[in-house]
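Participant: data.csv (CSV, C-alpha atoms) pasted underneath:
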```csv
chain,number,residue,atom,x,y,z
A,246,MET,CA,-53.3,-13.5,-22.9
A,247,THR,CA,-50.4,-11.4,-21.8
A,248,ARG,CA,-48.7,-12.6,-18.6
A,249,ILE,CA,-46.5,-10.1,-16.8
A,250,VAL,CA,-43.9,-11.4,-14.3
A,251,MET,CA,-42.7,-8.5,-12.2
A,252,TRP,CA,-39.6,-9.2,-10.1
A,253,SER,CA,-39.1,-7.1,-7.0
A,254,GLY,CA,-37.3,-7.1,-3.7
A,255,PRO,CA,-39.3,-6.5,-0.5
A,256,ARG,CA,-40.3,-2.9,0.3
A,257,ASN,CA,-39.7,-1.9,-3.3
A,258,LEU,CA,-43.1,-0.3,-4.0
A,259,SER,CA,-44.1,-3.7,-5.2
A,260,THR,CA,-47.6,-3.7,-3.6
A,261,ALA,CA,-48.3,-0.2,-5.0
A,262,MET,CA,-47.4,-1.5,-8.4
A,263,MET,CA,-49.7,-4.4,-8.0
A,264,ARG,CA,-52.4,-1.9,-7.0
A,265,SER,CA,-51.6,0.2,-10.1
A,266,PHE,CA,-52.0,-2.8,-12.5
A,267,GLY,CA,-55.0,-4.0,-10.6
A,268,ALA,CA,-56.7,-0.7,-11.2
A,269,ARG,CA,-56.8,-1.6,-14.9
A,270,ALA,CA,-60.1,-3.2,-16.1
A,271,ASP,CA,-58.2,-5.6,-18.4
A,272,THR,CA,-55.9,-7.0,-15.7
A,273,ALA,CA,-56.0,-9.6,-12.9
A,274,VAL,CA,-53.2,-9.6,-10.3
A,275,VAL,CA,-51.5,-12.4,-8.4
A,276,ASP,CA,-49.8,-11.6,-5.1
A,277,GLU,CA,-46.5,-13.5,-4.4
A,278,PRO,CA,-47.7,-17.0,-5.4
A,279,PHE,CA,-44.4,-18.7,-4.3
A,280,TYR,CA,-44.4,-17.2,-0.7
A,281,ALA,CA,-45.8,-20.3,1.0
A,282,ALA,CA,-43.6,-22.7,-0.9
A,283,TYR,CA,-40.6,-20.5,0.0
A,284,LEU,CA,-41.3,-20.6,3.7
A,285,ALA,CA,-42.1,-24.3,3.7
A,286,THR,CA,-38.9,-25.1,1.8
A,287,THR,CA,-36.5,-22.9,3.7
A,288,GLY,CA,-38.0,-23.1,7.2
A,289,ILE,CA,-37.2,-19.4,7.6
A,290,ALA,CA,-39.0,-17.5,10.3
A,291,HIS,CA,-41.1,-14.7,8.8
A,292,PRO,CA,-44.0,-12.7,10.3
A,293,MET,CA,-47.2,-14.7,10.0
A,294,ARG,CA,-45.3,-17.7,8.8
A,295,GLU,CA,-47.8,-20.4,9.7
A,296,ALA,CA,-50.7,-18.3,8.3
A,297,VAL,CA,-49.0,-17.9,5.0
A,298,ILE,CA,-48.2,-21.6,4.7
A,299,ALA,CA,-51.7,-22.6,5.7
A,300,ALA,CA,-53.3,-20.2,3.1
A,301,GLY,CA,-50.9,-20.9,0.2
A,302,GLU,CA,-49.7,-23.7,-2.0
A,303,THR,CA,-46.4,-25.2,-0.7
A,304,ASP,CA,-45.6,-27.5,-3.6
A,305,TRP,CA,-43.1,-25.7,-5.8
A,306,GLY,CA,-44.1,-27.5,-9.0
A,307,ARG,CA,-47.8,-26.8,-8.5
A,308,VAL,CA,-47.2,-23.1,-8.0
A,309,ALA,CA,-45.0,-23.0,-11.1
A,310,ALA,CA,-47.6,-24.9,-13.2
A,311,SER,CA,-50.3,-22.5,-12.0
A,312,CYS,CA,-48.2,-19.5,-13.0
A,313,ALA,CA,-47.5,-21.0,-16.4
A,314,ALA,CA,-51.0,-22.2,-17.2
A,315,PRO,CA,-53.0,-20.4,-19.8
A,316,GLN,CA,-55.8,-18.2,-18.4
A,317,GLY,CA,-59.0,-16.8,-19.8
A,318,ASP,CA,-60.4,-13.3,-19.1
A,319,PRO,CA,-59.2,-10.7,-18.3
A,320,PRO,CA,-56.6,-10.6,-21.1
A,321,ILE,CA,-53.7,-9.5,-18.9
A,322,ARG,CA,-52.4,-11.2,-15.7
A,323,TYR,CA,-49.9,-9.3,-13.5
A,324,GLU,CA,-47.8,-11.5,-11.2
A,325,LYS,CA,-46.0,-9.9,-8.3
A,326,HIS,CA,-42.9,-11.9,-7.4
A,327,MET,CA,-40.2,-11.5,-4.7
A,328,THR,CA,-36.7,-12.3,-5.8
A,329,VAL,CA,-35.9,-13.9,-2.4
A,330,HIS,CA,-38.6,-16.6,-3.0
A,331,MET,CA,-36.4,-18.1,-5.8
A,332,VAL,CA,-34.1,-20.2,-3.8
A,333,ASP,CA,-30.9,-21.7,-5.3
A,334,GLY,CA,-31.8,-24.5,-7.8
A,335,ALA,CA,-35.5,-23.4,-8.2
A,336,PRO,CA,-36.7,-24.0,-11.8
A,337,LEU,CA,-37.3,-20.8,-13.6
A,338,ASP,CA,-38.7,-22.0,-17.0
A,339,TRP,CA,-42.2,-21.4,-15.8
A,340,MET,CA,-41.5,-17.9,-17.0
A,341,ASP,CA,-41.5,-19.1,-20.6
A,342,GLY,CA,-43.8,-17.0,-22.7
A,343,ALA,CA,-44.3,-14.2,-20.1
A,344,LYS,CA,-43.4,-10.5,-20.3
A,345,ILE,CA,-40.8,-10.0,-17.6
A,346,ALA,CA,-39.8,-6.8,-15.8
A,347,PHE,CA,-37.8,-5.7,-12.8
A,348,LEU,CA,-38.8,-3.2,-10.1
A,349,ILE,CA,-35.7,-1.9,-8.2
A,350,ARG,CA,-35.2,0.5,-5.3
A,351,HIS,CA,-32.1,2.0,-3.7
A,352,PRO,CA,-30.9,-0.5,-1.0
A,353,ALA,CA,-30.7,2.2,1.7
A,354,ALA,CA,-34.5,2.9,1.2
A,355,VAL,CA,-35.2,-0.9,1.2
A,356,ALA,CA,-33.2,-1.4,4.4
A,357,ALA,CA,-34.9,1.4,6.2
A,358,SER,CA,-38.4,0.2,5.2
A,359,TYR,CA,-37.7,-3.4,5.9
A,360,ALA,CA,-36.1,-2.9,9.3
A,361,ALA,CA,-39.2,-1.0,10.4
A,362,LYS,CA,-41.2,-4.2,9.9
A,363,ARG,CA,-38.8,-7.0,10.8
A,364,GLU,CA,-35.6,-6.9,12.8
A,365,ALA,CA,-32.1,-7.5,11.4
A,366,PRO,CA,-32.7,-7.7,7.7
A,367,THR,CA,-30.2,-9.8,5.7
A,368,SER,CA,-28.8,-9.5,2.2
A,369,ASP,CA,-31.5,-11.9,1.0
A,370,ASP,CA,-34.1,-9.6,2.5
A,371,ILE,CA,-32.8,-6.6,0.7
A,372,GLY,CA,-33.0,-8.6,-2.6
A,373,SER,CA,-30.6,-6.6,-4.8
A,374,LEU,CA,-28.1,-9.4,-5.4
A,375,ARG,CA,-30.7,-12.0,-6.2
A,376,GLN,CA,-32.5,-9.5,-8.4
A,377,ALA,CA,-29.3,-9.0,-10.5
A,378,GLU,CA,-28.8,-12.8,-10.8
A,379,LEU,CA,-32.3,-13.2,-12.0
A,380,TYR,CA,-32.0,-10.4,-14.4
A,381,ASP,CA,-28.9,-12.1,-15.9
A,382,TRP,CA,-30.7,-15.4,-16.2
A,383,VAL,CA,-33.7,-13.7,-17.9
A,384,ALA,CA,-31.5,-11.7,-20.3
A,385,ASP,CA,-29.6,-14.8,-21.3
A,386,ARG,CA,-32.7,-16.9,-21.9
A,387,TYR,CA,-35.2,-14.3,-23.2
A,388,GLY,CA,-33.3,-11.1,-23.9
A,389,PRO,CA,-33.1,-7.9,-21.9
A,390,ALA,CA,-36.0,-7.1,-19.7
A,391,PRO,CA,-37.3,-3.6,-18.8
A,392,VAL,CA,-36.2,-2.2,-15.5
A,393,VAL,CA,-38.0,0.5,-13.5
A,394,ASP,CA,-36.9,2.3,-10.3
A,395,ALA,CA,-39.4,2.9,-7.5
A,396,ALA,CA,-38.1,6.5,-7.0
A,397,ASP,CA,-38.6,7.3,-10.7
A,398,ILE,CA,-42.2,5.9,-10.6
A,399,ARG,CA,-43.0,8.1,-7.6
A,400,ARG,CA,-41.4,11.1,-9.2
A,401,ASP,CA,-43.3,10.8,-12.5
A,402,PRO,CA,-45.6,7.8,-12.5
A,403,ALA,CA,-47.4,8.7,-15.8
A,404,THR,CA,-44.2,8.8,-17.8
A,405,VAL,CA,-42.5,5.8,-16.3
A,406,LEU,CA,-45.5,3.6,-16.4
A,407,SER,CA,-46.2,4.6,-20.0
A,408,ARG,CA,-42.7,3.6,-20.9
A,409,LEU,CA,-43.0,0.3,-19.0
A,410,CYS,CA,-46.3,-0.5,-20.6
A,411,ARG,CA,-44.8,0.2,-24.0
A,412,ALA,CA,-41.9,-2.1,-23.2
A,413,LEU,CA,-44.3,-4.9,-22.1
A,414,GLY,CA,-46.4,-4.5,-25.3
A,415,ILE,CA,-49.6,-3.3,-23.6
A,416,PRO,CA,-51.3,0.1,-23.8
A,417,PHE,CA,-50.9,2.5,-21.0
A,418,ASP,CA,-54.1,3.0,-19.0
A,419,PRO,CA,-54.5,6.3,-16.9
A,420,ALA,CA,-56.4,4.2,-14.4
A,421,MET,CA,-53.0,2.9,-13.2
A,422,LEU,CA,-52.3,6.2,-11.6
A,423,SER,CA,-54.8,5.8,-8.7
A,424,TRP,CA,-56.7,3.1,-6.8
A,425,GLU,CA,-59.2,2.6,-4.0
A,426,ALA,CA,-57.8,2.9,-0.5
A,427,GLY,CA,-57.9,-0.2,1.8
A,428,PRO,CA,-57.2,-3.9,1.4
A,429,GLN,CA,-58.1,-5.8,-1.8
A,430,GLU,CA,-59.4,-9.3,-2.3
A,431,THR,CA,-56.3,-10.2,-4.2
A,432,ASP,CA,-54.0,-9.4,-1.3
A,433,GLY,CA,-52.1,-12.3,0.3
A,434,VAL,CA,-52.9,-13.2,3.9
A,435,TRP,CA,-49.7,-11.4,5.0
A,436,ALA,CA,-51.2,-8.1,4.0
A,437,SER,CA,-52.3,-7.3,7.6
A,438,HIS,CA,-48.6,-7.1,8.6
A,439,TRP,CA,-47.0,-5.6,5.6
A,440,TYR,CA,-49.5,-3.5,3.6
A,441,GLY,CA,-50.5,-0.8,6.1
A,442,ALA,CA,-49.0,2.1,4.2
A,443,VAL,CA,-50.3,1.0,0.8
A,444,ASN,CA,-53.8,0.4,2.2
A,445,ARG,CA,-53.8,4.1,3.2
A,446,SER,CA,-52.7,5.2,-0.2
A,447,THR,CA,-54.7,6.1,-3.3
A,448,GLY,CA,-51.8,6.6,-5.7
A,449,PHE,CA,-48.0,7.0,-5.9
A,450,ALA,CA,-46.7,9.5,-3.4
A,451,PRO,CA,-43.5,11.6,-4.2
A,452,PRO,CA,-40.2,10.1,-3.0
A,453,PRO,CA,-38.9,11.3,0.3
A,454,VAL,CA,-35.9,13.6,0.0
A,455,ASP,CA,-33.6,11.4,2.2
A,456,GLU,CA,-34.5,8.1,0.7
A,457,THR,CA,-30.8,7.2,-0.1
A,458,ARG,CA,-29.5,7.9,3.5
A,459,THR,CA,-28.3,4.6,5.0
A,460,PRO,CA,-29.9,3.7,8.3
A,461,GLU,CA,-27.5,3.5,11.2
A,462,GLY,CA,-26.2,-0.1,11.7
A,463,LEU,CA,-27.1,-1.2,8.2
A,464,GLU,CA,-24.1,0.4,6.4
A,465,ALA,CA,-22.4,-2.9,5.5
A,466,LEU,CA,-25.6,-4.4,4.2
A,467,VAL,CA,-26.4,-1.5,2.0
A,468,GLU,CA,-22.8,-1.2,0.7
A,469,ALA,CA,-22.9,-4.9,-0.3
A,470,ALA,CA,-26.1,-4.4,-2.2
A,471,LEU,CA,-25.2,-1.2,-4.0
A,472,PRO,CA,-23.2,-2.7,-7.0
A,473,ALA,CA,-26.0,-4.9,-8.0
A,474,TYR,CA,-28.6,-2.1,-7.6
A,475,SER,CA,-26.4,0.3,-9.6
A,476,ARG,CA,-25.9,-2.1,-12.5
A,477,LEU,CA,-29.7,-2.5,-12.9
A,478,ARG,CA,-30.2,1.2,-12.2
A,479,ALA,CA,-28.1,1.9,-15.3
A,480,LEU,CA,-30.7,0.0,-17.4
A,481,ALA,CA,-33.8,1.7,-15.9
A,482,LEU,CA,-36.5,3.3,-17.9
A,483,THR,CA,-36.5,6.9,-16.5
A,484,PRO,CA,-38.8,9.9,-16.9
A,485,ASP,CA,-36.0,11.5,-19.0
A,486,GLY,CA,-35.9,8.7,-21.6
```
Is it possible to express this structure as structure tokens?
Facilitator:
Amino acid sequence: MTRIVMWSGPRNLSTAMMRSFGARADTAVVDEPFYAAYLATTGIAHPMREAVIAAGETDWGRVAASCAAPQGDPPIRYEKHMTVHMVDGAPLDWMDGAKIAFLIRHPAAVAASYAAKREAPTSDDIGSLRQAELYDWVADRYGPAPVVDAADIRRDPATVLSRLCRALGIPFDPAMLSWEAGPQETDGVWASHWYGAVNRSTGFAPPPVDETRTPEGLEALVEAALPAYSRLRALALTPDG
């Protein structure tokens, strides 16, 4: 079995990517398995906090063991993970044996999208700094991992997803370019708060022209995240090669 661990920050096109992989007949998807453990461990206030904890597994070790456990059919498992869920000191060796990739997005676009769903986003919410730290850990332990940018995927999904699949050692499937509108059985309980736009979608929409414009009041947050984003952006698989 091929296990894919995809690291994303929030509002990074991560659910659309999960929809894309979920459209493959040979792939099962897992939606943010560490979310309940993260909330229970940190005590942080998130939308639908109690519902997420009640619906999920809060024991960190059990979640890690579940991710690492061998699975049967289908032959590919795609795990959508949020970088912010990996708190300092969290064990990461549950990724052993997996194909690992990183989905990035310009911090200005993340900040604008996140602020529309939850007030006063923080650096952890934007996710770029933790994403760069995790990339370094993965590169040191397993070697360089493929990186894709949400804007590139939206600009040319067929090319970028083909390159990503090649890097992950799986065949590209054109089914990844579209999906059924509406919620999916594999969505986390938090989908009713966060997944409105993706539930209305049936594929990757072109990127907005002003995606990198920094929202008013979030300039310092975006500026702090830009160096980490730019470093990973330089490694991204682009439509141009």
Participant: Under the rule that all atoms listed in the file are counted, which of A:Phe449, A:Trp439, A:Tyr474, A:Phe347 is the nearest residue to A:Met421?
Facilitator: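 Between A:Phe449, A:Trp439, A:Tyr474, A:Phe347, the residue approaching A:Met421 most closely is A:Phe449.
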Participant: Using all atoms listed in the file, can you tell me which of A:Gly254, A:Pro402, A:Gly267, A:Pro366 comes closest to A:His351?
Facilitator: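 Smallest separation from A:His351 among the options: A:Gly254.
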Participant: Would you work out the distance separating atom CA of A:Thr260 from atom CA of A:Leu379, expressed in Å to one decimal?
Facilitator: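 Those two atoms sit 19.9 Å apart.
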Participant: Just checking: using all atoms listed in the file, which residue out of A:Tyr380, A:Tyr283, A:Trp424, A:Tyr440 ends up closest to A:Leu480?
Facilitator: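 Ranking A:Tyr380, A:Tyr283, A:Trp424, A:Tyr440 by distance to A:Leu480, first place goes to A:Tyr380.
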Participant: Restricting the calculation to all atoms listed in the file: of A:Asp338, A:Asp397, A:Asp370, A:Asp455, which residue gets closest to A:Val383?
Facilitator: A:Asp338
Participant: Which of these, A:Val405, A:Ala285, A:Leu422, A:Ala390, has the shortest distance to A:Ser265 once you count all atoms listed in the file?
Facilitator: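 Of all the options, A:Leu422 lies closest to A:Ser265.
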Participant: Please determine, counting all atoms listed in the file, which residue among A:Ser423, A:Ser407, A:Ser358, A:Thr367 has the shortest atom-to-atom distance to A:Ala442.
Facilitator: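 Closest to A:Ala442, using all atoms listed in the file: A:Ser358.
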Participant: Could you state the separation of atom CA of A:Ala282 and atom CA of A:Asp333 in Å, given to one decimal place?
Facilitator: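 Computed distance, atom CA of A:Ala282 to atom CA of A:Asp333, equals 13.5 Å.
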Participant: Please list as a CSV table (one decimal) with C-alpha atoms, in the frame of the given file every residue within 9 Å of A:Leu409, counting all atoms listed in the file and excluding residues in the same chain fewer than 2 positions away.
Facilitator:
```csv
chain,number,residue,atom,x,y,z
A,346,ALA,CA,-39.8,-6.8,-15.8
A,391,PRO,CA,-37.3,-3.6,-18.8
A,392,VAL,CA,-36.2,-2.2,-15.5
A,393,VAL,CA,-38.0,0.5,-13.5
A,404,THR,CA,-44.2,8.8,-17.8
A,405,VAL,CA,-42.5,5.8,-16.3
A,406,LEU,CA,-45.5,3.6,-16.4
A,407,SER,CA,-46.2,4.6,-20.0
A,411,ARG,CA,-44.8,0.2,-24.0
A,412,ALA,CA,-41.9,-2.1,-23.2
A,413,LEU,CA,-44.3,-4.9,-22.1
A,414,GLY,CA,-46.4,-4.5,-25.3
A,415,ILE,CA,-49.6,-3.3,-23.6
A,417,PHE,CA,-50.9,2.5,-21.0
A,482,LEU,CA,-36.5,3.3,-17.9
```
Participant: Work out how far atom CA of A:Ala353 is from atom CA of A:His326, in Å to one decimal.
Facilitator: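 Answer for the atom CA of A:His326 to atom CA of A:Ala353 separation: 20.7 Å.
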Participant: Would you kindly return, as a PyMOL selection string, each protein, DNA or RNA residue with an atom no farther than 7 Å from any atom of A:Lys325, considering all atoms listed in the file and excluding same-chain residues fewer than 6 positions away?
Facilitator: chain A and resi 250-252+263+275-277
Participant: With C-alpha atoms retained, write the just-selected residues as a compact mmCIF listing (two decimals), in the frame of the given file.
Facilitator:
```txt
# COMPACT_ATOMS: atom_id res chain seq x y z
CA VAL A 250 -43.90 -11.40 -14.30
CA MET A 251 -42.70 -8.50 -12.20
CA TRP A 252 -39.60 -9.20 -10.10
CA MET A 263 -49.70 -4.40 -8.00
CA VAL A 275 -51.50 -12.40 -8.40
CA ASP A 276 -49.80 -11.60 -5.10
CA GLU A 277 -46.50 -13.50 -4.40
```
Participant: Using only C-alpha atoms, what residues lie at most 12 Å away from (-50.0, -19.3, -3.1) (file coordinates), given as a PyMOL selection string?
Facilitator: chain A and resi 275-285+296-312+324-326+330+431-435
Participant: Around the point (-55.0, -17.3, -18.7) in the file's coordinates, collect all residues with an atom within 12 Å, using all atoms listed in the file, and return them as a ChimeraX atom specification.
Facilitator: /A:246-249,272-275,310-324,342-343
Participant: Which residues come within 12 Å of A:Arg476, counting all atoms listed in the file, excluding same-chain residues fewer than 5 positions away, as a short mmCIF file (atom, residue, chain, number, x, y, z; two decimals) with C-alpha atoms, in the coordinates of the input?
Facilitator:
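See out_13.cif below for the written result:
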```
data_model
loop_
_atom_site.label_atom_id
_atom_site.label_comp_id
_atom_site.auth_asym_id
_atom_site.auth_seq_id
_atom_site.Cartn_x
_atom_site.Cartn_y
_atom_site.Cartn_z
CA ILE A 349 -35.70 -1.90 -8.20
CA HIS A 351 -32.10 2.00 -3.70
CA SER A 373 -30.60 -6.60 -4.80
CA LEU A 374 -28.10 -9.40 -5.40
CA GLN A 376 -32.50 -9.50 -8.40
CA ALA A 377 -29.30 -9.00 -10.50
CA GLU A 378 -28.80 -12.80 -10.80
CA TYR A 380 -32.00 -10.40 -14.40
CA ASP A 381 -28.90 -12.10 -15.90
CA VAL A 392 -36.20 -2.20 -15.50
CA ALA A 470 -26.10 -4.40 -2.20
CA LEU A 471 -25.20 -1.20 -4.00
CA ALA A 481 -33.80 1.70 -15.90
#
```
Participant: Complete the atom set of stretch 262-285 of chain A to N, CA and C atoms and return it as a short mmCIF file (atom, residue, chain, number, x, y, z; two decimals), keeping the file's coordinate frame.
Facilitator:
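To be explicit, this is the file written out as part00.cif:
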```cif
data_model
loop_
_atom_site.label_atom_id
_atom_site.label_comp_id
_atom_site.auth_asym_id
_atom_site.auth_seq_id
_atom_site.Cartn_x
_atom_site.Cartn_y
_atom_site.Cartn_z
N MET A 262 -47.33 -1.10 -6.99
CA MET A 262 -47.40 -1.50 -8.40
C MET A 262 -48.44 -2.48 -8.71
N MET A 263 -48.64 -3.42 -7.80
CA MET A 263 -49.70 -4.40 -8.00
C MET A 263 -51.07 -3.66 -7.93
N ARG A 264 -51.22 -2.68 -7.04
CA ARG A 264 -52.40 -1.90 -7.00
C ARG A 264 -52.64 -1.15 -8.34
N SER A 265 -51.54 -0.60 -8.86
CA SER A 265 -51.60 0.20 -10.10
C SER A 265 -52.10 -0.72 -11.25
N PHE A 266 -51.52 -1.89 -11.41
CA PHE A 266 -52.00 -2.80 -12.50
C PHE A 266 -53.36 -3.32 -12.19
N GLY A 267 -53.66 -3.54 -10.92
CA GLY A 267 -55.00 -4.00 -10.60
C GLY A 267 -56.09 -3.05 -10.82
N ALA A 268 -55.74 -1.77 -10.94
CA ALA A 268 -56.70 -0.70 -11.20
C ALA A 268 -57.19 -0.78 -12.69
N ARG A 269 -56.46 -1.50 -13.53
CA ARG A 269 -56.80 -1.60 -14.90
C ARG A 269 -58.03 -2.61 -15.05
N ALA A 270 -58.98 -2.29 -15.88
CA ALA A 270 -60.10 -3.20 -16.10
C ALA A 270 -59.76 -4.45 -16.82
N ASP A 271 -58.63 -4.43 -17.53
CA ASP A 271 -58.20 -5.60 -18.40
C ASP A 271 -57.21 -6.48 -17.69
N THR A 272 -56.97 -6.30 -16.38
CA THR A 272 -55.90 -7.00 -15.70
C THR A 272 -56.29 -7.66 -14.41
N ALA A 273 -55.87 -8.91 -14.23
CA ALA A 273 -56.00 -9.60 -12.90
C ALA A 273 -54.59 -9.64 -12.31
N VAL A 274 -54.53 -9.58 -10.99
CA VAL A 274 -53.20 -9.60 -10.30
C VAL A 274 -53.11 -10.78 -9.40
N VAL A 275 -51.86 -11.23 -9.23
CA VAL A 275 -51.50 -12.40 -8.40
C VAL A 275 -50.46 -11.93 -7.41
N ASP A 276 -50.67 -12.14 -6.12
CA ASP A 276 -49.80 -11.60 -5.10
C ASP A 276 -48.86 -12.72 -4.55
N GLU A 277 -47.60 -12.67 -4.93
CA GLU A 277 -46.50 -13.50 -4.40
C GLU A 277 -46.91 -15.00 -4.30
N PRO A 278 -47.17 -15.64 -5.42
CA PRO A 278 -47.70 -17.00 -5.40
C PRO A 278 -46.68 -18.03 -4.80
N PHE A 279 -45.37 -17.71 -4.79
CA PHE A 279 -44.40 -18.70 -4.30
C PHE A 279 -44.09 -18.47 -2.79
N TYR A 280 -44.76 -17.54 -2.12
CA TYR A 280 -44.40 -17.20 -0.70
C TYR A 280 -44.51 -18.43 0.19
N ALA A 281 -45.64 -19.13 0.15
CA ALA A 281 -45.80 -20.30 1.00
C ALA A 281 -44.82 -21.38 0.74
N ALA A 282 -44.55 -21.64 -0.54
CA ALA A 282 -43.60 -22.70 -0.90
C ALA A 282 -42.17 -22.27 -0.41
N TYR A 283 -41.84 -20.99 -0.51
CA TYR A 283 -40.60 -20.50 0.00
C TYR A 283 -40.41 -20.73 1.47
N LEU A 284 -41.42 -20.37 2.24
CA LEU A 284 -41.30 -20.60 3.70
C LEU A 284 -41.27 -22.04 4.06
N ALA A 285 -42.07 -22.86 3.39
CA ALA A 285 -42.10 -24.30 3.70
C ALA A 285 -40.75 -24.95 3.31
#
```
